[in-house]
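Text of final.tsv (TSV, C-alpha atoms) as supplied:
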```tsv
chain	number	residue	atom	x	y	z
L	1181	MET	CA	-25.97	-8.32	3.10
L	1182	TYR	CA	-23.02	-8.17	5.45
L	1183	TYR	CA	-19.42	-9.27	5.06
L	1184	ILE	CA	-16.45	-9.46	7.41
L	1185	GLY	CA	-13.12	-8.08	6.30
L	1186	ILE	CA	-9.91	-9.12	8.11
L	1187	ASP	CA	-6.74	-7.05	7.88
L	1188	LEU	CA	-4.07	-9.53	8.99
L	1189	GLY	CA	-0.88	-7.78	10.08
L	1190	GLY	CA	2.31	-8.76	11.81
L	1191	THR	CA	1.42	-6.66	14.87
L	1192	ASN	CA	-2.37	-6.47	14.91
L	1193	ILE	CA	-5.37	-8.21	13.37
L	1194	ALA	CA	-8.26	-5.87	12.54
L	1195	ALA	CA	-11.75	-7.06	11.65
L	1196	GLY	CA	-14.81	-5.18	10.48
L	1197	VAL	CA	-18.39	-5.93	9.54
L	1198	VAL	CA	-19.01	-4.22	6.21
L	1199	ASP	CA	-22.38	-3.66	4.56
L	1200	GLU	CA	-23.15	-3.84	0.83
L	1201	SER	CA	-22.46	-0.10	0.49
L	1202	TYR	CA	-18.93	-0.71	1.84
L	1203	ASN	CA	-19.59	1.06	5.13
L	1204	ILE	CA	-17.85	-0.41	8.18
L	1205	VAL	CA	-20.65	-1.12	10.66
L	1206	LYS	CA	-18.41	-2.31	13.51
L	1207	LYS	CA	-14.72	-3.04	13.83
L	1208	ALA	CA	-12.32	-4.40	16.42
L	1209	SER	CA	-8.69	-5.47	16.65
L	1210	ILE	CA	-6.45	-7.77	18.66
L	1211	PRO	CA	-2.67	-8.27	18.88
L	1212	THR	CA	-1.36	-10.82	16.39
L	1213	ASN	CA	1.28	-12.32	18.71
L	1214	ALA	CA	2.94	-13.69	15.60
L	1215	ASN	CA	5.49	-15.88	17.41
L	1216	ARG	CA	3.13	-18.83	17.88
L	1217	PRO	CA	1.58	-21.61	15.78
L	1218	ALA	CA	-0.56	-20.65	12.79
L	1219	ASP	CA	-3.59	-22.56	14.10
L	1220	GLU	CA	-3.62	-20.45	17.27
L	1221	ILE	CA	-3.71	-17.25	15.24
L	1222	THR	CA	-6.50	-18.70	13.10
L	1223	SER	CA	-8.49	-19.55	16.24
L	1224	ASP	CA	-8.13	-15.93	17.39
L	1225	ILE	CA	-9.33	-14.70	13.98
L	1226	ALA	CA	-12.40	-16.92	14.27
L	1227	ASN	CA	-13.19	-15.55	17.73
L	1228	LEU	CA	-12.63	-11.99	16.50
L	1229	CYS	CA	-15.10	-12.60	13.67
L	1230	LYS	CA	-17.73	-13.81	16.14
L	1231	THR	CA	-17.08	-10.85	18.44
L	1232	VAL	CA	-17.33	-8.17	15.77
L	1233	ALA	CA	-20.45	-9.81	14.30
L	1234	ALA	CA	-22.08	-9.83	17.74
L	1235	ASP	CA	-21.12	-6.18	18.26
L	1236	ALA	CA	-23.02	-5.43	15.05
L	1237	GLY	CA	-26.05	-7.35	16.30
L	1238	LEU	CA	-25.38	-10.27	13.95
L	1239	THR	CA	-24.21	-13.87	14.06
L	1240	ILE	CA	-21.73	-15.62	11.78
L	1241	ASP	CA	-24.73	-17.12	9.96
L	1242	ASP	CA	-25.72	-13.58	8.94
L	1243	ILE	CA	-22.34	-13.00	7.27
L	1244	GLU	CA	-22.22	-13.67	3.51
L	1245	TYR	CA	-18.49	-14.46	3.51
L	1246	ILE	CA	-15.23	-13.52	5.20
L	1247	GLY	CA	-12.34	-11.91	3.33
L	1248	ILE	CA	-8.75	-11.79	4.55
L	1249	ALA	CA	-6.09	-9.30	3.44
L	1250	THR	CA	-2.70	-10.81	4.24
L	1251	PRO	CA	0.91	-9.78	3.74
L	1252	GLY	CA	2.90	-11.83	1.23
L	1253	SER	CA	1.53	-14.24	-1.37
L	1254	ALA	CA	-1.94	-15.76	-1.23
L	1255	ASN	CA	-3.58	-18.25	-3.59
L	1256	CYS	CA	-7.05	-16.80	-3.98
L	1257	GLN	CA	-8.22	-19.95	-5.80
L	1258	THR	CA	-7.32	-22.46	-3.09
L	1259	GLY	CA	-7.58	-20.13	-0.09
L	1260	GLU	CA	-3.98	-20.74	0.96
L	1261	ILE	CA	-1.52	-18.24	2.37
L	1262	LEU	CA	1.58	-19.30	0.47
L	1263	TYR	CA	4.03	-17.09	2.35
L	1264	ALA	CA	3.74	-14.16	4.73
L	1265	ASN	CA	6.82	-12.40	6.05
L	1266	ASN	CA	6.88	-12.19	9.87
L	1267	LEU	CA	3.90	-14.55	10.13
L	1268	PRO	CA	3.98	-18.36	10.61
L	1269	PHE	CA	2.09	-19.16	7.40
L	1270	SER	CA	3.62	-21.30	4.64
L	1271	ASN	CA	1.28	-23.01	2.17
L	1272	TYR	CA	-1.28	-22.69	4.94
L	1273	PRO	CA	-4.93	-23.56	4.04
L	1274	MET	CA	-6.41	-20.51	5.75
L	1275	ALA	CA	-9.86	-20.72	4.12
L	1276	GLU	CA	-10.35	-24.32	5.21
L	1277	LYS	CA	-8.87	-23.79	8.67
L	1278	LEU	CA	-10.84	-20.63	9.45
L	1279	SER	CA	-14.12	-22.14	8.29
L	1280	ALA	CA	-13.49	-25.10	10.61
L	1281	ALA	CA	-12.54	-22.82	13.52
L	1282	LEU	CA	-15.78	-20.86	13.12
L	1283	GLY	CA	-17.76	-24.04	13.69
L	1284	VAL	CA	-20.04	-23.35	10.71
L	1285	PRO	CA	-19.25	-23.75	7.01
L	1286	LYS	CA	-18.35	-20.31	5.73
L	1287	ARG	CA	-16.86	-19.06	2.48
L	1288	VAL	CA	-13.44	-17.51	3.14
L	1289	LEU	CA	-11.55	-15.47	0.53
L	1290	ILE	CA	-7.84	-14.60	0.69
L	1291	GLU	CA	-5.85	-11.85	-1.04
L	1292	ASN	CA	-2.57	-9.98	-0.68
L	1293	ASP	CA	-3.04	-6.87	1.48
L	1294	ALA	CA	-1.85	-4.36	-1.15
L	1295	ASN	CA	-4.20	-5.91	-3.72
L	1296	ALA	CA	-7.05	-5.74	-1.22
L	1297	ALA	CA	-6.32	-2.06	-0.53
L	1298	ALA	CA	-6.42	-1.37	-4.27
L	1299	LYS	CA	-9.76	-3.17	-4.45
L	1300	ALA	CA	-11.06	-1.02	-1.59
L	1301	GLU	CA	-10.08	2.23	-3.28
L	1302	SER	CA	-11.74	1.05	-6.50
L	1303	VAL	CA	-15.10	0.32	-4.88
L	1304	ALA	CA	-15.28	2.82	-2.03
L	1305	GLY	CA	-12.35	5.23	-2.19
L	1306	ALA	CA	-10.61	7.65	-4.52
L	1307	ALA	CA	-10.96	5.33	-7.55
L	1308	LYS	CA	-14.64	4.53	-6.94
L	1309	GLY	CA	-16.48	3.95	-10.20
L	1310	SER	CA	-13.38	3.12	-12.23
L	1311	ARG	CA	-12.93	-0.27	-13.87
L	1312	TYR	CA	-9.19	0.09	-14.31
L	1313	SER	CA	-7.18	1.48	-11.42
L	1314	ILE	CA	-3.78	1.19	-9.78
L	1315	MET	CA	-2.89	1.92	-6.18
L	1316	ILE	CA	0.63	2.48	-4.95
L	1317	THR	CA	1.65	2.87	-1.32
L	1318	LEU	CA	4.65	4.96	-0.36
L	1319	GLY	CA	5.65	3.52	3.00
L	1320	THR	CA	8.62	1.51	4.22
L	1321	GLY	CA	8.65	0.11	0.70
L	1322	VAL	CA	6.59	0.86	-2.40
L	1323	GLY	CA	3.59	-1.45	-2.59
L	1324	GLY	CA	1.18	-1.85	-5.44
L	1325	GLY	CA	-2.22	-3.19	-6.38
L	1326	ILE	CA	-3.75	-3.52	-9.85
L	1327	ILE	CA	-7.46	-3.61	-10.70
L	1328	LEU	CA	-8.28	-4.68	-14.27
L	1329	ASP	CA	-11.91	-4.60	-15.37
L	1330	GLY	CA	-12.96	-4.42	-11.73
L	1331	GLN	CA	-10.95	-7.45	-10.61
L	1332	VAL	CA	-7.67	-7.82	-8.74
L	1333	TYR	CA	-4.77	-8.80	-11.00
L	1334	SER	CA	-2.08	-10.85	-9.28
L	1335	GLY	CA	-0.54	-12.95	-12.04
L	1336	PHE	CA	-0.68	-16.69	-12.64
L	1337	ASN	CA	1.40	-17.35	-9.50
L	1338	PHE	CA	-0.32	-14.76	-7.24
L	1339	ALA	CA	2.92	-12.76	-6.88
L	1340	GLY	CA	2.15	-9.99	-9.35
L	1341	ALA	CA	1.85	-6.22	-8.81
L	1342	GLU	CA	5.24	-5.83	-7.13
L	1343	LEU	CA	5.39	-2.35	-8.58
L	1344	GLY	CA	8.08	-1.16	-6.19
L	1345	HIS	CA	10.54	-3.48	-7.86
L	1346	ILE	CA	10.62	-1.98	-11.31
L	1347	VAL	CA	14.14	-0.64	-11.88
L	1348	ILE	CA	14.37	3.11	-12.52
L	1349	GLU	CA	18.14	3.51	-12.02
L	1350	LYS	CA	20.32	0.79	-13.54
L	1351	ASP	CA	22.98	-0.34	-11.05
L	1352	GLY	CA	21.50	2.10	-8.55
L	1353	ARG	CA	20.77	1.62	-4.86
L	1354	GLN	CA	20.80	-1.93	-3.54
L	1355	CYS	CA	17.29	-3.23	-2.89
L	1356	SER	CA	16.33	-5.87	-0.34
L	1357	CYS	CA	14.87	-7.94	-3.20
L	1358	GLY	CA	18.36	-8.48	-4.60
L	1359	ARG	CA	18.14	-6.08	-7.54
L	1360	LYS	CA	19.73	-2.65	-7.80
L	1361	GLY	CA	17.95	0.58	-8.59
L	1362	CYS	CA	14.41	-0.52	-7.69
L	1363	TRP	CA	11.80	2.23	-7.55
L	1364	GLU	CA	11.17	1.62	-3.86
L	1365	THR	CA	14.79	2.39	-2.96
L	1366	TYR	CA	14.15	5.96	-4.13
L	1367	SER	CA	10.41	6.63	-3.73
L	1368	SER	CA	9.54	4.87	-0.48
L	1369	ALA	CA	9.64	6.76	2.80
L	1370	THR	CA	12.82	4.81	3.52
L	1371	GLY	CA	14.29	6.01	0.23
L	1372	LEU	CA	13.33	9.60	0.97
L	1373	VAL	CA	14.98	9.39	4.40
L	1374	ARG	CA	18.15	8.10	2.74
L	1375	THR	CA	18.16	10.91	0.17
L	1376	THR	CA	17.62	13.48	2.94
L	1377	ARG	CA	20.43	11.99	5.01
L	1378	GLU	CA	22.85	12.01	2.07
L	1379	LYS	CA	22.05	15.67	1.38
L	1380	LEU	CA	22.55	16.60	5.03
L	1381	GLU	CA	25.86	14.80	5.15
L	1382	GLU	CA	26.92	16.68	2.02
L	1383	CYS	CA	25.90	19.99	3.62
L	1384	ARG	CA	27.95	19.21	6.71
L	1385	LYS	CA	31.02	18.63	4.57
L	1386	THR	CA	30.58	21.86	2.58
L	1387	GLY	CA	29.29	24.02	5.44
L	1388	ARG	CA	26.05	24.77	3.60
L	1389	TYR	CA	23.17	25.84	5.84
L	1390	THR	CA	19.87	24.01	5.95
L	1391	VAL	CA	17.04	24.39	8.44
L	1392	MET	CA	16.77	20.61	8.48
L	1393	GLU	CA	19.70	20.49	10.93
L	1394	GLU	CA	17.59	22.38	13.46
L	1395	MET	CA	14.54	20.24	12.71
L	1396	ILE	CA	16.40	17.06	13.63
L	1397	GLY	CA	18.43	18.61	16.43
L	1398	GLY	CA	21.61	17.56	14.69
L	1399	ASP	CA	20.69	13.86	14.98
L	1400	LEU	CA	20.58	12.14	11.58
L	1401	ASN	CA	18.60	9.29	13.11
L	1402	LYS	CA	15.67	11.67	13.61
L	1403	ILE	CA	15.18	12.24	9.88
L	1404	SER	CA	11.70	11.23	8.72
L	1405	GLY	CA	9.80	11.25	5.46
L	1406	ARG	CA	8.42	14.66	6.44
L	1407	THR	CA	11.73	16.40	7.16
L	1408	ALA	CA	12.52	17.58	3.64
L	1409	PHE	CA	8.88	18.45	2.87
L	1410	ASN	CA	8.60	20.55	6.03
L	1411	ALA	CA	11.90	22.29	5.22
L	1412	LYS	CA	10.72	23.09	1.70
L	1413	LYS	CA	7.49	24.54	3.08
L	1414	ASN	CA	9.65	26.81	5.26
L	1415	GLY	CA	11.54	28.08	2.22
L	1416	ASP	CA	14.66	25.98	2.78
L	1417	GLU	CA	16.67	25.59	-0.43
L	1418	VAL	CA	18.26	22.27	0.51
L	1419	GLY	CA	14.91	20.79	1.53
L	1420	ALA	CA	13.47	21.90	-1.80
L	1421	GLU	CA	16.30	20.13	-3.63
L	1422	VAL	CA	15.62	16.90	-1.77
L	1423	VAL	CA	11.90	17.08	-2.53
L	1424	GLU	CA	12.56	17.86	-6.19
L	1425	GLU	CA	14.85	14.84	-6.49
L	1426	TYR	CA	12.27	12.68	-4.74
L	1427	ILE	CA	9.48	13.89	-7.05
L	1428	ASP	CA	11.60	13.18	-10.14
L	1429	TYR	CA	12.11	9.57	-9.07
L	1430	LEU	CA	8.46	9.20	-8.11
L	1431	VAL	CA	7.36	10.57	-11.48
L	1432	CYS	CA	9.65	8.15	-13.33
L	1433	GLY	CA	7.90	5.17	-11.75
L	1434	LEU	CA	4.42	6.62	-12.13
L	1435	VAL	CA	4.92	7.24	-15.85
L	1436	ASN	CA	6.17	3.67	-16.35
L	1437	ILE	CA	3.08	2.28	-14.65
L	1438	ILE	CA	0.66	4.55	-16.51
L	1439	ASN	CA	2.25	3.73	-19.87
L	1440	ILE	CA	1.88	-0.01	-19.21
L	1441	PHE	CA	-1.65	-0.11	-17.77
L	1442	GLN	CA	-3.35	3.20	-18.70
L	1443	PRO	CA	-5.67	3.07	-15.65
L	1444	ASN	CA	-8.63	5.40	-15.22
L	1445	VAL	CA	-7.25	6.38	-11.84
L	1446	LEU	CA	-3.94	5.95	-10.06
L	1447	THR	CA	-4.20	6.43	-6.30
L	1448	ILE	CA	-1.32	7.14	-3.96
L	1449	GLY	CA	-1.42	5.89	-0.38
L	1450	GLY	CA	1.06	5.18	2.42
L	1451	GLY	CA	2.83	7.52	4.80
L	1452	ILE	CA	4.13	9.97	2.19
L	1453	SER	CA	0.58	10.43	0.87
L	1454	GLY	CA	-0.08	12.29	4.13
L	1455	GLU	CA	1.35	15.32	2.32
L	1456	GLY	CA	-1.97	15.34	0.45
L	1457	ASP	CA	-2.49	18.03	-2.17
L	1458	TYR	CA	0.96	19.48	-1.48
L	1459	LEU	CA	2.42	16.27	-2.93
L	1460	LEU	CA	-0.26	15.71	-5.55
L	1461	ASN	CA	0.01	19.19	-7.07
L	1462	MET	CA	3.67	18.61	-7.91
L	1463	LEU	CA	2.95	15.56	-10.05
L	1464	PRO	CA	0.58	16.12	-13.03
L	1465	GLU	CA	2.71	18.52	-15.09
L	1466	LYS	CA	5.77	16.28	-14.89
L	1467	VAL	CA	3.84	13.02	-15.26
L	1468	PHE	CA	1.78	14.00	-18.28
L	1469	ALA	CA	4.77	15.57	-20.01
L	1470	GLU	CA	6.18	12.03	-20.25
L	1471	THR	CA	3.22	9.67	-20.62
L	1472	TYR	CA	2.70	8.07	-24.02
L	1473	SER	CA	-0.96	9.11	-24.22
L	1474	ARG	CA	-1.09	12.77	-25.23
L	1475	GLY	CA	-3.21	15.20	-27.20
L	1476	ASP	CA	-6.92	14.44	-27.00
L	1477	THR	CA	-6.41	10.98	-25.50
L	1478	PRO	CA	-8.15	10.72	-22.10
L	1479	GLN	CA	-5.61	10.85	-19.29
L	1480	CYS	CA	-5.28	8.87	-16.09
L	1481	GLU	CA	-6.33	10.77	-12.97
L	1482	LEU	CA	-3.87	11.02	-10.11
L	1483	LYS	CA	-5.47	11.01	-6.66
L	1484	ILE	CA	-4.56	10.59	-3.00
L	1485	ALA	CA	-6.04	7.40	-1.51
L	1486	THR	CA	-8.81	8.14	0.96
L	1487	LEU	CA	-9.51	4.98	2.97
L	1488	ARG	CA	-6.18	4.84	4.84
L	1489	ASN	CA	-6.26	2.32	7.72
L	1490	ASP	CA	-9.70	1.01	6.72
L	1491	ALA	CA	-8.55	-0.03	3.23
L	1492	GLY	CA	-7.55	-3.55	4.31
L	1493	ILE	CA	-10.87	-4.27	6.00
L	1494	ILE	CA	-13.01	-2.84	3.19
L	1495	GLY	CA	-10.89	-4.44	0.47
L	1496	ALA	CA	-11.03	-7.85	2.14
L	1497	ALA	CA	-14.79	-7.53	2.53
L	1498	ALA	CA	-15.13	-6.64	-1.16
L	1499	LEU	CA	-13.16	-9.61	-2.51
L	1500	GLY	CA	-16.25	-11.59	-3.49
L	1501	ILE	CA	-17.94	-8.72	-5.29
```

Output the structure of this file as structure tokens.
Amino acid sequence: MYYIGIDLGGTNIAAGVVDESYNIVKKASIPTNANRPADEITSDIANLCKTVAADAGLTIDDIEYIGIATPGSANCQTGEILYANNLPFSNYPMAEKLSAALGVPKRVLIENDANAAAKAESVAGAAKGSRYSIMITLGTGVGGGIILDGQVYSGFNFAGAELGHIVIEKDGRQCSCGRKGCWETYSSATGLVRTTREKLEECRKTGRYTVMEEMIGGDLNKISGRTAFNAKKNGDEVGAEVVEEYIDYLVCGLVNIINIFQPNVLTIGGGISGEGDYLLNMLPEKVFAETYSRGDTPQCELKIATLRNDAGIIGAAALGI
């Protein structure tokens, strides 16, 4: 059997034909052009589905169902996109509209993109074979997806798994969600850039040397999520301090999540996960020194997510399984 997975983004829409072993047979993408009516975007998705199916030597009739991974909140029971930031969808009946645009009745499934990515990792990625898994993404924010007994958990109102918005520092940094001290304000790439910047500004005031000044050419706007990690790898003391602070905040959130859900596997994705084993090797000792399950109790495995940019397509295609 074959499925089509759609990764609906604010900039691009990616589609892939996926087989029952979760291999992407063919994929293609088009610009979203988000500043236009929702029905026009849906029409483009329908055409993209037909194109990618044809590229795989199939027709829409050969496709078992179509899954869509969307930003924001999606009602997986009614097939509606309730809200999607930067996209013109509000209580929009995507399943019904896309099926009509395809010209043939077709089952269409909808899910939040972070949840779909977690589903992908659980069936085809680093958490493959696990029934209980969590995925977090360390990007502009901290995203999350929860798989319980093989199924996506999103709460009664389809807005669950906002793991980046657990508070780890009371009255801490202001978060865009309105709270203070949210995990994502410290452990996202944005949070890491802020921590690095604050440390550099402190060094400038005290005259303390750090190789990070040379790395950014003296321009604080050129700080990235890699700056401190690269400095630490070069033996820079200040860079090491930034990374250590970042790891401590990351560990705090990870332990909270593990203590609540006790997943078989917790996978880490997003831009910061590009540090790979260098990041991963700093976590277990600190994490498992604080988790509630100790002694002979089986422990959660920490892994780097493996599917990267294909997670949305594969996860969307796996929604009906």

Can you check which parts of segment 1242-1340 of chain L lie within 8 Å of segment 1207-1218 of chain L? Per residue, the shortest pair of atoms and distance in Å to one decimal, counting all atoms listed in the file, sorted by chain and number, as a Markdown table.
```
| residue | atom | partner | partner_atom | distance |
| --- | --- | --- | --- | --- |
| L:Asn1266 | CA | L:Ala1214 | CA | 7.1 |
| L:Leu1267 | CA | L:Ala1214 | CA | 5.6 |
| L:Pro1268 | CA | L:Ala1218 | CA | 5.5 |
| L:Phe1269 | CA | L:Ala1218 | CA | 6.2 |
```

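Distances to Val1467 of chain L were evaluated for L:Asn1489, L:Ser1223, L:Asn1265, L:Asn1436 using all atoms listed in the file, and the minimum falls at L:Asn1436.
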
query: Between L:Leu1434, L:Val1284, L:Ala1254, L:Val1422, which one has atoms that come closest to Val1322 of chain L, using only C-alpha atoms?
result: L:Leu1434

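We find atom CA of Ala1496 of chain L and atom CA of Ile1186 of chain L to be spaced 6.2 Å apart.
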
- request: Write out as a PyMOL selection string which residues come within 8 Å of Lys1360 of chain L when counting all atoms listed in the file, dropping same-chain ones fewer than 6 positions away.
  value: chain L and resi 1347+1349-1354

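Interatomic distance, atom CA of Ile1225 of chain L to atom CA of Gly1321 of chain L: 26.8 Å.
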
- request: Could you tell me which of L:Gly1344, L:Gly1371, L:Gly1330, L:Gly1454 comes closest to Ile1427 of chain L if we count all atoms listed in the file?
  value: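 Distance minimum relative to Ile1427 of chain L lands on L:Gly1371.
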
query: Of the candidates L:Ile1403, L:Ile1240, L:Val1431, L:Val1445, which shows the shortest atom-to-atom distance to Leu1459 of chain L, using only C-alpha atoms?
result: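 Using only C-alpha atoms, Leu1459 of chain L sits closest to L:Val1431.
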
Between atom CA of Ile1437 of chain L and atom CA of Gly1259 of chain L - distance in Å to one decimal: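 If I compute the distance from atom CA of Gly1259 of chain L to atom CA of Ile1437 of chain L, I get 28.8 Å.
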
Can you tell me, as an mmCIF file with C-alpha atoms, keeping the file's coordinate frame, what residues are no more than 12 Å from segment 1473-1475 of chain L when counting all atoms listed in the file, ignoring any on the same chain fewer than 2 positions away?
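Output contents, as saved in out_7.cif:
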```cif
data_model
loop_
_atom_site.group_PDB
_atom_site.id
_atom_site.type_symbol
_atom_site.label_atom_id
_atom_site.label_comp_id
_atom_site.auth_asym_id
_atom_site.auth_seq_id
_atom_site.Cartn_x
_atom_site.Cartn_y
_atom_site.Cartn_z
ATOM 1 C CA VAL L 1435 4.920 7.240 -15.850
ATOM 2 C CA ASN L 1436 6.170 3.670 -16.350
ATOM 3 C CA ILE L 1438 0.660 4.550 -16.510
ATOM 4 C CA ASN L 1439 2.250 3.730 -19.870
ATOM 5 C CA ILE L 1440 1.880 -0.010 -19.210
ATOM 6 C CA PHE L 1441 -1.650 -0.110 -17.770
ATOM 7 C CA GLN L 1442 -3.350 3.200 -18.700
ATOM 8 C CA PRO L 1443 -5.670 3.070 -15.650
ATOM 9 C CA VAL L 1467 3.840 13.020 -15.260
ATOM 10 C CA PHE L 1468 1.780 14.000 -18.280
ATOM 11 C CA ALA L 1469 4.770 15.570 -20.010
ATOM 12 C CA GLU L 1470 6.180 12.030 -20.250
ATOM 13 C CA THR L 1471 3.220 9.670 -20.620
ATOM 14 C CA THR L 1477 -6.410 10.980 -25.500
ATOM 15 C CA PRO L 1478 -8.150 10.720 -22.100
ATOM 16 C CA GLN L 1479 -5.610 10.850 -19.290
ATOM 17 C CA CYS L 1480 -5.280 8.870 -16.090
#
```

task: For a cut-off of 10 Å around (12.6, 23.1, 12.2), file coordinates, pick out all residues using only C-alpha atoms and list them as a PyMOL selection string.
output: chain L and resi 1390-1397+1407+1410-1411+1414

- request: Identify, on the basis of all atoms listed in the file, every residue whose closest approach to Asp1199 of chain L does not exceed 6 Å; exclude the query and any residue fewer than 3 positions from it along the same chain; express the result as a PyMOL selection string.
  value: chain L and resi 1182+1202-1203

Which centre and edge lengths in Å to one decimal define the box along x, y and z that fits every listed atom of segment 1352-1357 of chain L plus 6 Å per side, as JSON?
```
{"center_x": 18.2, "center_y": -2.9, "center_z": -4.4, "size_x": 18.6, "size_y": 22.0, "size_z": 20.2}
```

Find the residues of segment 1437-1476 of chain L that sit at most 12 Å from segment 1287-1305 of chain L; for each, write down the nearest two atoms and how far apart they are in Å, to one decimal. Count all atoms listed in the file. Sort by chain, then by number going up, and give it as a Markdown table.
```
| residue | atom | partner | partner_atom | distance |
| --- | --- | --- | --- | --- |
| L:Pro1443 | CA | L:Ser1302 | CA | 11.2 |
| L:Asn1444 | CA | L:Ser1302 | CA | 10.2 |
| L:Val1445 | CA | L:Ser1302 | CA | 8.8 |
| L:Leu1446 | CA | L:Ala1298 | CA | 9.7 |
| L:Thr1447 | CA | L:Glu1301 | CA | 7.8 |
| L:Ile1448 | CA | L:Ala1298 | CA | 9.9 |
| L:Gly1449 | CA | L:Ala1297 | CA | 9.3 |
| L:Gly1450 | CA | L:Ala1294 | CA | 10.6 |
```

Shell of 7 Å around Leu1228 of chain L, only C-alpha atoms, local chain residues under 4 positions omitted, as a PyMOL selection string: chain L and resi 1195+1224+1232

Missing atoms in segment 1395-1415 of chain L should be modelled up to N, CA and C atoms and reported as a short mmCIF file (atom, residue, chain, number, x, y, z; two decimals), in the coordinates of the input.
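Final output, result.cif:
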```
data_model
loop_
_atom_site.label_atom_id
_atom_site.label_comp_id
_atom_site.auth_asym_id
_atom_site.auth_seq_id
_atom_site.Cartn_x
_atom_site.Cartn_y
_atom_site.Cartn_z
N MET L 1395 15.73 21.09 12.60
CA MET L 1395 14.54 20.24 12.71
C MET L 1395 14.85 18.90 13.37
N ILE L 1396 16.03 18.37 13.08
CA ILE L 1396 16.40 17.06 13.63
C ILE L 1396 17.31 17.17 14.84
N GLY L 1397 17.58 18.40 15.27
CA GLY L 1397 18.43 18.61 16.43
C GLY L 1397 19.83 18.07 16.24
N GLY L 1398 20.27 18.05 14.99
CA GLY L 1398 21.61 17.56 14.69
C GLY L 1398 21.76 16.05 14.70
N ASP L 1399 20.65 15.32 14.88
CA ASP L 1399 20.69 13.86 14.98
C ASP L 1399 20.13 13.26 13.68
N LEU L 1400 21.00 12.70 12.86
CA LEU L 1400 20.58 12.14 11.58
C LEU L 1400 19.57 11.01 11.74
N ASN L 1401 19.55 10.38 12.88
CA ASN L 1401 18.60 9.29 13.11
C ASN L 1401 17.17 9.79 13.31
N LYS L 1402 17.01 11.11 13.43
CA LYS L 1402 15.67 11.67 13.61
C LYS L 1402 15.05 12.16 12.30
N ILE L 1403 15.74 11.89 11.19
CA ILE L 1403 15.18 12.24 9.88
C ILE L 1403 13.95 11.37 9.61
N SER L 1404 12.90 11.98 9.09
CA SER L 1404 11.70 11.23 8.72
C SER L 1404 11.33 11.59 7.28
N GLY L 1405 10.28 10.94 6.80
CA GLY L 1405 9.80 11.25 5.46
C GLY L 1405 9.22 12.65 5.34
N ARG L 1406 8.98 13.30 6.46
CA ARG L 1406 8.42 14.66 6.44
C ARG L 1406 9.48 15.75 6.52
N THR L 1407 10.71 15.39 6.89
CA THR L 1407 11.73 16.40 7.16
C THR L 1407 11.96 17.32 5.97
N ALA L 1408 12.23 16.76 4.81
CA ALA L 1408 12.52 17.58 3.64
C ALA L 1408 11.29 18.37 3.20
N PHE L 1409 10.11 17.74 3.25
CA PHE L 1409 8.88 18.45 2.87
C PHE L 1409 8.64 19.64 3.78
N ASN L 1410 8.80 19.44 5.09
CA ASN L 1410 8.60 20.55 6.03
C ASN L 1410 9.62 21.66 5.82
N ALA L 1411 10.86 21.28 5.49
CA ALA L 1411 11.90 22.29 5.22
C ALA L 1411 11.55 23.08 3.98
N LYS L 1412 11.10 22.40 2.94
CA LYS L 1412 10.72 23.09 1.70
C LYS L 1412 9.58 24.08 1.97
N LYS L 1413 8.61 23.65 2.77
CA LYS L 1413 7.49 24.54 3.08
C LYS L 1413 7.95 25.79 3.83
N ASN L 1414 9.09 25.67 4.53
CA ASN L 1414 9.65 26.81 5.26
C ASN L 1414 10.65 27.61 4.42
N GLY L 1415 10.68 27.32 3.11
CA GLY L 1415 11.54 28.08 2.22
C GLY L 1415 12.99 27.64 2.20
#
```
